[in-house]
Amino acid sequence: MTDRIRDKLNSLRNELDNAVTRAEDAEKKSKKLEQNLLEKEQECTSLNHQLGLVGAELEKSEAKVATFKTTQEEGEHSKSSNEALNRKVQLLEEELDAAERNLKETVEKLRQVDVKAEQFERQIQRLEQERDAWEKKYEDMKAKYEESKKELDDLVQTMGDL
């Protein structure tokens, strides 16, 4: 009879140890995912900052293009200055095109980061739910263990009294 109780107690201890190990693994995984999420949020912040810089650069470039176009119209009397201004306008338009391409790429990267961040948030929620379930199982197993231990102690005491 005591062998059965001892086996049952050992079985409950093993189950408890396994549950604790799984809970610790789930917590580690959750922390890793939270770290990944933090990194993605930082990347998001960085891309937003870059987007702001590109936007400012775009506004400057557009202002330069507008300025040079105005200057071009006023300076048509001189062919040489007109050619120089045309070259500047062309360079600025190329810069504008490059800035717009950069802006599009940055916006696409930002969108991808947002999608990844949402995926990580869903994964973290799922892992937190899993962790909560494991913690509940752990608490249940701990209560069963305490109950079994009490029963075993009562049995040992009863046998000792005989």
# chains A, B, ... in the order shown; residues from 1 in each chain; ligands from 1
>>> residues_around(residues="stretch 133-143 of chain A", least_positions_apart="4", cutoff="8 Å", atoms="only C-alpha atoms", output="JSON, numbers by chain")
{"A": [12, 15, 16, 19, 20, 22, 23, 129, 147]}
>>> residues_around(residues="A:Lys40", least_positions_apart="3", cutoff="8 Å", atoms="only C-alpha atoms", output="list in words")
Asn36, Leu37, Glu43, Cys44, Val113, Lys116 and Ala117 of chain A
>>> residues_around(residues="A:Lys69", least_positions_apart="6", cutoff="9 Å", atoms="only C-alpha atoms", output="PyMOL selection string")
chain A and resi 85-86+89
>>> closest_residue(among="A:Ala99, A:Leu162, A:Val65, A:Leu155", to="A:Thr2", atoms="only C-alpha atoms")
A:Leu155
>>> atom_distance(atom1="atom CA of A:Ala98", atom2="atom CA of A:Gly55")
12.1 Å
>>> residues_around(residues="A:Leu51", least_positions_apart="5", cutoff="12 Å", atoms="only C-alpha atoms", output="compact mmCIF listing (two decimals) with C-alpha atoms, in the first residue's frame")
# COMPACT_ATOMS: atom_id res chain seq x y z
CA GLU A 43 13.09 49.75 -35.64
CA CYS A 44 9.65 51.27 -36.20
CA THR A 45 10.69 54.39 -34.32
CA SER A 46 13.90 54.58 -36.34
CA ALA A 56 11.88 67.27 -44.62
CA GLU A 57 14.43 66.56 -47.34
CA LEU A 58 11.60 66.22 -49.84
CA ALA A 99 13.83 61.00 -52.25
CA GLU A 100 10.39 59.85 -53.40
CA ARG A 101 11.70 56.34 -54.09
CA ASN A 102 13.36 56.35 -50.67
CA LEU A 103 10.10 57.53 -49.12
CA LYS A 104 8.15 54.74 -50.83
CA GLU A 105 10.69 52.15 -49.66
CA THR A 106 10.61 53.52 -46.13
CA VAL A 107 6.81 53.50 -46.06
CA GLU A 108 6.81 49.88 -47.31
CA LYS A 109 9.36 48.88 -44.65
CA LEU A 110 7.27 50.62 -42.02
>>> closest_residue(among="A:Ile5, A:Leu47, A:Ala84, A:Val156", to="A:Phe68", atoms="only C-alpha atoms")
A:Ala84
>>> closest_residue(among="A:Lys149, A:Arg87, A:Arg131, A:Arg6", to="A:Lys31", atoms="only C-alpha atoms")
A:Arg131
>>> closest_residue(among="A:Val54, A:Arg126, A:Phe120, A:Asp132", to="A:Leu38", atoms="only C-alpha atoms")
A:Phe120
>>> closest_residue(among="A:Asp161, A:Leu91, A:Glu128, A:Asn48", to="A:Lys28", atoms="only C-alpha atoms")
A:Glu128
>>> residues_around(residues="A:Ser148", least_positions_apart="3", cutoff="9 Å", atoms="only C-alpha atoms", output="compact mmCIF listing (two decimals) with C-alpha atoms, in the first residue's frame")
# COMPACT_ATOMS: atom_id res chain seq x y z
CA ILE A 5 1.35 5.87 -2.34
CA LYS A 8 1.79 7.99 -6.77
CA LEU A 9 3.74 10.66 -4.85
CA LEU A 12 2.95 13.64 -8.86
CA ALA A 143 -2.52 21.51 -4.39
CA LYS A 144 -2.81 17.82 -5.29
CA TYR A 145 0.75 17.28 -4.13
CA GLU A 151 -2.67 12.01 3.32
CA LEU A 152 0.69 10.25 3.32
CA ASP A 153 1.72 11.99 6.54
